[in-house]
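Student: Here you go, model-v5.tsv (TSV, C-alpha atoms):
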```tsv
chain	number	residue	atom	x	y	z
A	19	LEU	CA	0.00	0.00	0.00
A	20	PHE	CA	2.86	2.36	0.79
A	21	SER	CA	4.49	1.61	-2.57
A	22	PHE	CA	1.22	2.51	-4.31
A	23	TYR	CA	1.08	5.74	-2.29
A	24	ILE	CA	4.67	6.66	-3.08
A	25	SER	CA	4.14	6.00	-6.80
A	26	PHE	CA	2.42	9.40	-6.96
A	27	PHE	CA	5.53	11.17	-5.66
A	28	ASP	CA	9.02	12.04	-6.74
A	29	TRP	CA	11.09	10.51	-3.93
A	30	PRO	CA	14.88	10.57	-4.31
A	31	LEU	CA	15.25	8.72	-0.96
A	32	LEU	CA	17.65	11.25	0.54
A	33	GLU	CA	15.14	14.09	0.31
A	34	PRO	CA	11.45	14.47	1.24
A	35	PRO	CA	8.98	13.21	-1.42
A	36	THR	CA	7.30	15.71	-3.76
A	37	PHE	CA	3.76	15.06	-4.98
A	38	LEU	CA	3.50	14.56	-8.76
A	39	GLY	CA	0.04	13.09	-9.23
A	40	ILE	CA	-0.01	10.57	-12.09
A	41	ASP	CA	3.13	11.97	-13.75
A	42	ASN	CA	5.13	8.86	-12.91
A	43	TYR	CA	2.62	6.72	-14.81
A	44	LEU	CA	2.44	9.14	-17.76
A	45	ARG	CA	6.22	9.07	-17.93
A	46	PHE	CA	6.10	5.50	-19.22
A	47	PHE	CA	5.02	6.69	-22.65
A	48	ASP	CA	8.07	8.96	-22.99
A	49	ASP	CA	10.58	6.43	-21.64
A	50	ALA	CA	12.14	4.41	-24.46
A	51	VAL	CA	14.10	2.25	-21.99
A	52	TRP	CA	10.87	1.34	-20.17
A	53	LEU	CA	9.32	0.21	-23.45
A	54	LYS	CA	12.46	-1.75	-24.33
A	55	SER	CA	12.49	-3.50	-20.94
A	56	LEU	CA	8.83	-4.46	-21.33
A	57	GLN	CA	9.50	-5.79	-24.85
A	58	VAL	CA	12.46	-7.87	-23.65
A	59	THR	CA	10.40	-9.34	-20.82
A	60	VAL	CA	7.48	-10.22	-23.12
A	61	ASN	CA	9.84	-11.87	-25.63
A	62	TYR	CA	11.47	-13.85	-22.85
A	63	THR	CA	8.06	-15.00	-21.59
A	64	LEU	CA	6.94	-16.01	-25.09
A	65	GLY	CA	10.07	-18.13	-25.45
A	66	ALA	CA	10.63	-19.57	-21.98
A	67	VAL	CA	7.07	-20.46	-20.94
A	68	PRO	CA	6.05	-22.65	-23.93
A	69	LEU	CA	9.43	-24.42	-23.98
A	70	GLY	CA	9.27	-24.99	-20.23
A	71	LEU	CA	5.76	-26.44	-20.47
A	72	ILE	CA	6.64	-28.78	-23.35
A	73	LEU	CA	9.91	-30.01	-21.87
A	74	GLY	CA	8.43	-30.41	-18.40
A	75	PHE	CA	5.51	-32.42	-19.79
A	76	LEU	CA	7.78	-34.66	-21.90
A	77	LEU	CA	10.08	-35.33	-18.94
A	78	ALA	CA	7.10	-36.18	-16.75
A	79	LEU	CA	5.86	-38.65	-19.37
A	80	LEU	CA	9.27	-40.32	-19.46
A	81	LEU	CA	9.65	-40.38	-15.69
A	82	ASN	CA	6.16	-41.82	-15.23
A	83	GLN	CA	7.27	-45.16	-16.65
A	84	LYS	CA	7.32	-48.10	-14.26
A	85	ILE	CA	10.93	-49.23	-14.62
A	86	PRO	CA	13.66	-49.78	-11.99
A	87	GLY	CA	15.63	-46.76	-10.80
A	88	MET	CA	13.01	-44.18	-11.79
A	89	PRO	CA	13.04	-42.37	-8.37
A	90	PHE	CA	16.75	-41.67	-8.91
A	91	PHE	CA	16.14	-39.99	-12.28
A	92	ARG	CA	13.22	-37.99	-10.89
A	93	THR	CA	15.54	-36.67	-8.19
A	94	VAL	CA	18.27	-35.82	-10.71
A	95	PHE	CA	15.93	-33.75	-12.88
A	96	TYR	CA	14.40	-31.99	-9.87
A	97	LEU	CA	17.67	-31.07	-8.08
A	98	PRO	CA	18.52	-28.00	-10.25
A	99	THR	CA	15.40	-26.25	-8.95
A	100	LEU	CA	16.92	-26.31	-5.45
A	101	VAL	CA	20.04	-24.40	-6.48
A	102	PRO	CA	19.88	-20.69	-5.48
A	103	ALA	CA	19.24	-18.28	-8.34
A	104	THR	CA	22.58	-16.48	-7.95
A	105	ALA	CA	24.51	-19.77	-8.00
A	106	ASN	CA	22.57	-20.78	-11.12
A	107	ALA	CA	23.50	-17.51	-12.79
A	108	ILE	CA	27.20	-17.95	-12.02
A	109	LEU	CA	27.08	-21.55	-13.26
A	110	TRP	CA	25.48	-20.52	-16.55
A	111	LEU	CA	28.06	-17.79	-17.08
A	112	PHE	CA	30.45	-20.68	-17.64
A	113	VAL	CA	27.97	-22.83	-19.57
A	114	LEU	CA	27.26	-19.99	-22.03
A	115	ASN	CA	30.89	-18.88	-22.32
A	116	ALA	CA	31.68	-18.54	-26.03
A	117	GLN	CA	35.16	-20.08	-25.70
A	118	ILE	CA	35.07	-22.68	-22.93
A	119	GLY	CA	31.33	-23.11	-22.35
A	120	ILE	CA	29.83	-26.58	-22.46
A	121	ILE	CA	27.31	-25.73	-25.18
A	122	ASN	CA	29.84	-24.34	-27.65
A	123	THR	CA	32.33	-27.10	-26.82
A	124	VAL	CA	29.75	-29.73	-27.76
A	125	LEU	CA	28.84	-27.81	-30.92
A	126	ARG	CA	32.51	-27.65	-31.95
A	127	TYR	CA	32.71	-31.42	-31.51
A	128	PHE	CA	30.14	-31.69	-34.32
A	129	GLY	CA	31.92	-29.10	-36.44
A	130	ILE	CA	29.54	-26.24	-35.61
A	131	GLN	CA	30.78	-22.81	-34.57
A	132	GLY	CA	28.68	-21.78	-31.60
A	133	PRO	CA	27.34	-18.23	-31.19
A	134	PRO	CA	28.85	-15.75	-28.71
A	135	TRP	CA	25.71	-16.05	-26.53
A	136	LEU	CA	25.93	-13.40	-23.78
A	137	GLY	CA	28.38	-11.37	-25.86
A	138	SER	CA	25.86	-10.82	-28.65
A	139	SER	CA	22.70	-8.73	-28.61
A	140	LYS	CA	21.17	-11.31	-30.98
A	141	TRP	CA	21.96	-14.40	-28.91
A	142	ALA	CA	21.92	-13.14	-25.30
A	143	LEU	CA	18.16	-13.49	-24.78
A	144	PRO	CA	17.95	-16.93	-26.49
A	145	GLY	CA	20.80	-17.99	-24.22
A	146	LEU	CA	18.83	-16.99	-21.13
A	147	ILE	CA	15.75	-18.78	-22.50
A	148	ILE	CA	17.84	-21.95	-22.79
A	149	MET	CA	19.05	-21.33	-19.26
A	150	SER	CA	15.46	-21.17	-18.02
A	151	LEU	CA	15.01	-24.83	-19.01
A	152	TRP	CA	17.54	-25.74	-16.32
A	153	GLY	CA	14.78	-25.26	-13.73
A	154	VAL	CA	12.11	-27.21	-15.59
A	155	GLY	CA	12.13	-29.86	-12.85
A	156	GLY	CA	9.68	-27.88	-10.73
A	157	GLY	CA	6.99	-28.00	-13.39
A	158	MET	CA	7.96	-31.58	-14.19
A	159	ILE	CA	7.12	-32.72	-10.65
A	160	ILE	CA	3.68	-31.12	-10.89
A	161	PHE	CA	3.08	-32.72	-14.27
A	162	LEU	CA	4.19	-36.06	-12.84
A	163	ALA	CA	1.73	-35.76	-9.96
A	164	GLY	CA	-1.01	-34.98	-12.46
A	165	LEU	CA	-0.17	-37.99	-14.61
A	166	GLN	CA	-0.25	-40.29	-11.61
A	167	GLY	CA	-3.66	-38.91	-10.64
A	168	ILE	CA	-5.35	-39.91	-13.90
A	169	PRO	CA	-7.78	-42.78	-13.15
A	170	GLU	CA	-6.65	-46.07	-14.68
A	171	TYR	CA	-10.18	-46.98	-15.69
A	172	LEU	CA	-10.15	-44.24	-18.34
A	173	TYR	CA	-7.28	-45.95	-20.14
A	174	GLU	CA	-8.97	-49.34	-19.77
A	175	ALA	CA	-12.17	-47.96	-21.29
A	176	ALA	CA	-10.16	-46.44	-24.15
A	177	LYS	CA	-8.47	-49.80	-24.82
A	178	ILE	CA	-11.85	-51.53	-24.94
A	179	ASP	CA	-12.96	-48.97	-27.53
A	180	GLY	CA	-9.91	-49.87	-29.61
A	181	ALA	CA	-7.75	-46.82	-28.92
A	182	ASN	CA	-4.01	-47.30	-29.38
A	183	GLN	CA	-1.42	-45.59	-27.16
A	184	PHE	CA	-1.34	-42.45	-29.32
A	185	ARG	CA	-5.12	-42.04	-29.21
A	186	GLN	CA	-5.09	-42.70	-25.47
A	187	PHE	CA	-2.58	-39.87	-25.12
A	188	ILE	CA	-4.64	-37.48	-27.25
A	189	HIS	CA	-8.09	-38.31	-25.88
A	190	VAL	CA	-7.33	-39.26	-22.28
A	191	THR	CA	-3.95	-37.99	-21.06
A	192	ILE	CA	-4.01	-34.48	-22.51
A	193	PRO	CA	-7.63	-33.63	-21.53
A	194	MET	CA	-7.07	-34.92	-18.00
A	195	MET	CA	-3.82	-32.94	-17.75
A	196	THR	CA	-5.27	-29.60	-18.87
A	197	PRO	CA	-5.79	-28.32	-15.28
A	198	VAL	CA	-2.11	-29.04	-14.52
A	199	ILE	CA	-0.99	-27.44	-17.79
A	200	PHE	CA	-3.10	-24.40	-16.92
A	201	PHE	CA	-1.54	-24.13	-13.45
A	202	ASN	CA	2.02	-24.36	-14.80
A	203	LEU	CA	1.14	-21.82	-17.51
A	204	ILE	CA	-0.05	-19.27	-14.94
A	205	MET	CA	2.97	-19.82	-12.69
A	206	GLY	CA	5.32	-19.63	-15.67
A	207	ILE	CA	3.94	-16.30	-16.84
A	208	ILE	CA	4.12	-14.81	-13.34
A	209	GLY	CA	7.67	-16.08	-12.87
A	210	THR	CA	9.10	-14.91	-16.20
A	211	PHE	CA	7.60	-11.44	-15.89
A	212	GLN	CA	9.56	-11.06	-12.64
A	213	THR	CA	12.91	-12.16	-14.09
A	214	PHE	CA	15.74	-10.24	-12.45
A	215	THR	CA	18.72	-12.30	-11.26
A	216	GLN	CA	19.98	-13.25	-14.73
A	217	ALA	CA	20.25	-9.62	-15.82
A	218	TYR	CA	21.69	-8.44	-12.50
A	219	VAL	CA	24.36	-11.13	-12.14
A	220	MET	CA	25.14	-12.20	-15.70
A	221	THR	CA	24.60	-9.39	-18.22
A	222	GLU	CA	23.73	-6.13	-16.45
A	223	GLY	CA	21.01	-5.77	-19.06
A	224	GLY	CA	23.41	-5.98	-22.00
A	225	PRO	CA	24.67	-6.22	-24.56
A	226	GLY	CA	22.80	-3.33	-26.14
A	227	ARG	CA	20.00	-3.73	-23.57
A	228	ALA	CA	19.14	-7.09	-25.16
A	229	THR	CA	18.50	-8.53	-21.67
A	230	TYR	CA	17.22	-5.37	-19.99
A	231	PHE	CA	14.35	-7.03	-18.14
A	232	TYR	CA	11.49	-5.00	-16.71
A	233	VAL	CA	12.25	-5.78	-13.06
A	234	TYR	CA	15.95	-5.02	-13.63
A	235	TYR	CA	15.04	-1.56	-14.93
A	236	LEU	CA	12.63	-1.16	-11.99
A	237	TYR	CA	15.49	-1.97	-9.61
A	238	ARG	CA	17.87	0.44	-11.29
A	239	ASN	CA	15.36	3.30	-11.15
A	240	SER	CA	14.65	2.68	-7.48
A	241	PHE	CA	18.12	2.01	-6.06
A	242	ASP	CA	20.66	3.25	-8.64
A	243	TYR	CA	18.93	6.38	-9.96
A	244	TYR	CA	17.10	7.13	-6.68
A	245	ARG	CA	13.75	7.47	-8.43
A	246	MET	CA	11.79	5.46	-5.89
A	247	GLY	CA	8.43	6.93	-6.90
A	248	TYR	CA	8.97	5.99	-10.54
A	249	GLY	CA	10.13	2.53	-9.51
A	250	ALA	CA	6.99	2.07	-7.40
A	251	ALA	CA	4.84	3.11	-10.37
A	252	MET	CA	6.64	0.54	-12.50
A	253	ALA	CA	5.97	-2.12	-9.88
A	254	TRP	CA	2.26	-1.38	-9.81
A	255	PHE	CA	2.09	-1.38	-13.60
A	256	LEU	CA	3.72	-4.83	-13.54
A	257	PHE	CA	1.17	-5.97	-10.97
A	258	ALA	CA	-1.64	-4.75	-13.24
A	259	VAL	CA	-0.19	-6.53	-16.29
A	260	ILE	CA	0.20	-9.83	-14.43
A	261	LEU	CA	-3.30	-9.48	-12.96
A	262	VAL	CA	-4.87	-8.84	-16.38
A	263	LEU	CA	-2.99	-11.73	-17.98
A	264	THR	CA	-3.99	-14.06	-15.14
A	265	LEU	CA	-7.67	-13.06	-15.33
A	266	PHE	CA	-7.61	-13.46	-19.12
A	267	ASN	CA	-6.12	-16.93	-18.80
A	268	PHE	CA	-8.77	-17.91	-16.25
A	269	TRP	CA	-11.47	-16.68	-18.64
A	270	PHE	CA	-9.93	-18.40	-21.65
A	271	SER	CA	-9.33	-21.62	-19.68
A	272	LYS	CA	-13.09	-22.32	-19.85
A	273	LYS	CA	-12.57	-23.10	-23.53
A	274	TRP	CA	-9.82	-25.69	-23.14
A	275	VAL	CA	-9.36	-26.83	-19.52
A	276	PHE	CA	-11.29	-29.98	-18.67
A	277	TYR	CA	-12.38	-30.80	-15.12
A	278	GLU	CA	-13.90	-34.08	-14.07
A	279	ALA	CA	-17.59	-33.99	-13.20
A	280	GLY	CA	-18.17	-32.90	-9.63
A	281	GLU	CA	-15.02	-30.75	-9.37
```
As a first step, turn the structure in this file into structure tokens.
Tutor:
Amino acid sequence: LFSFYISFFDWPLLEPPTFLGIDNYLRFFDDAVWLKSLQVTVNYTLGAVPLGLILGFLLALLLNQKIPGMPFFRTVFYLPTLVPATANAILWLFVLNAQIGIINTVLRYFGIQGPPWLGSSKWALPGLIIMSLWGVGGGMIIFLAGLQGIPEYLYEAAKIDGANQFRQFIHVTIPMMTPVIFFNLIMGIIGTFQTFTQAYVMTEGGPGRATYFYVYYLYRNSFDYYRMGYGAAMAWFLFAVILVLTLFNFWFSKKWVFYEAGE
């Protein structure tokens, strides 16, 4: 509530706040860096969320098989989600290193010259999208729980009707998993719109502001430029965007999310 109050002021922290009305919000339209940071964040969300959903779902399908040693592999894929964000960022600085990074080393083994990743305004954001898949284990666990909650009698009924494994997947697994997909979609959007650590630790928003995420610019306005009122206005705009996207997804979910009768 205080941040909303202070968003109507110019507050340089070291001096008393000065009332501006809605000027901080109107300033968005004249701030090219603000628009760039919003664009970068949206592009990151459009890349990271679908890939995270697909990979998490595929891993859950693989790890749902009843074969020996499966708990070990489930643990292995989940462990990266427990690593602190800053440690992840430092680790991926080495992974995405153009000279000695694991990705480019593997590409060179196949005769492919890898891109400069974080050193290129073209490849920096795709590199961070690839990095986001490192934490796909969190969504994978939720998908796995959803898969194990599908009643077995649905598959038995499908087999009686002559459905092969592919048709069982299309007509039983996916419809029954839509509530879980919807949950991971919402959480993914909320999480990616609040991306900060990667820019702060790895790129400082560069090169050429290619990774200048919205929350990173919010942080810089508030604590580097001492424009706390403007930073608070940015925070409340972000809250409004996430709220609108979430409400839209809840409305649109009525068209594709299936719930069992009685839920």
Student: Considering only C-alpha atoms, return as a list of chain:residue names whatever protein or nucleic-acid residues lie within 10 Å of Val60 of chain A, sequence-local ones (same chain, fewer than 6 positions apart) excluded.
Tutor: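 Returned residues: A:Lys54, A:Ala66, A:Ile207, A:Thr210, A:Phe211, A:Phe231, A:Tyr232.
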Student: Using only C-alpha atoms, can you tell me which of A:Leu114, A:Leu77, A:Val219, A:Leu165 comes closest to Phe187 of chain A?
Tutor: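 Ranking A:Leu114, A:Leu77, A:Val219, A:Leu165 by distance to Phe187 of chain A, first place goes to A:Leu165.
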Student: Can you pull out the residues contacting Ile147 of chain A? Cut-off 12 Å, using only C-alpha atoms, and skip same-chain residues under 4 positions away; I want them as a PyMOL selection string.
Tutor: chain A and resi 58-70+110+114+135-136+141-143+151-154+210+213+216+229
Student: Tell me which of A:Leu236, A:Gly223, A:Leu263, A:Tyr243 sits closest to Phe46 of chain A, counting all atoms listed in the file.
Tutor: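 Looking at the shortest contact to Phe46 of chain A, the residue is A:Leu236.
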Student: With a distance cut-off of 10 Å and all atoms listed in the file, select the neighbouring residues of Gly137 of chain A, excluding the residue or stretch itself and same-chain residues fewer than 3 positions from it, and output the selection as a count of residues only.
Tutor: 12
Student: Of the residues A:Tyr218, A:Trp274, A:Phe90, A:Phe37, which is the one nearest to Val233 of chain A, using all atoms listed in the file?
Tutor: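 Of A:Tyr218, A:Trp274, A:Phe90, A:Phe37, the one nearest Val233 of chain A is A:Tyr218, counting all atoms listed in the file.
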Student: With distances taken over all atoms listed in the file, which of A:Met149, A:Asn42, A:Gln183, A:Leu81 is nearest to Phe112 of chain A?
Tutor: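 Between A:Met149, A:Asn42, A:Gln183, A:Leu81, the residue approaching Phe112 of chain A most closely is A:Met149.
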Student: Residues within 12 Å of Tyr171 of chain A, please, as a list in words. Count only C-alpha atoms; anything in the same chain fewer than 5 positions from it doesn't count.
Tutor: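 The filter keeps Ala176, Lys177, Ile178, Gln186 and Val190 of chain A.
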Student: Find, counting all atoms listed in the file, the residue in A:Thr196, A:Asn82, A:Gln212, A:Ser25 that gets nearest to Val259 of chain A.
Tutor: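 Once distances to Val259 of chain A are computed over all atoms listed in the file, the minimum belongs to A:Gln212.
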Student: Box time for segment 126-135 of chain A: axis-aligned, enclosing all its listed atoms, 4 Å extra on each side; report centre and edge lengths in Å to one decimal, as lines of an AutoDock Vina configuration file.
Tutor:
```
center_x = 29.2
center_y = -23.7
center_z = -31.5
size_x = 15.0
size_y = 23.9
size_z = 17.9
```
Student: Would you mind listing what lies within 9 Å of Tyr43 of chain A as a PyMOL selection string, with all atoms listed in the file counted and same-chain residues fewer than 4 positions away left out?
Tutor: chain A and resi 25-26+39+47+248+251-252+255
Student: Mind pulling up the distance from atom CA of Tyr234 of chain A to atom CA of Gly156 of chain A?
Tutor: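 Rounded to one decimal, the two atoms are 23.9 Å apart.
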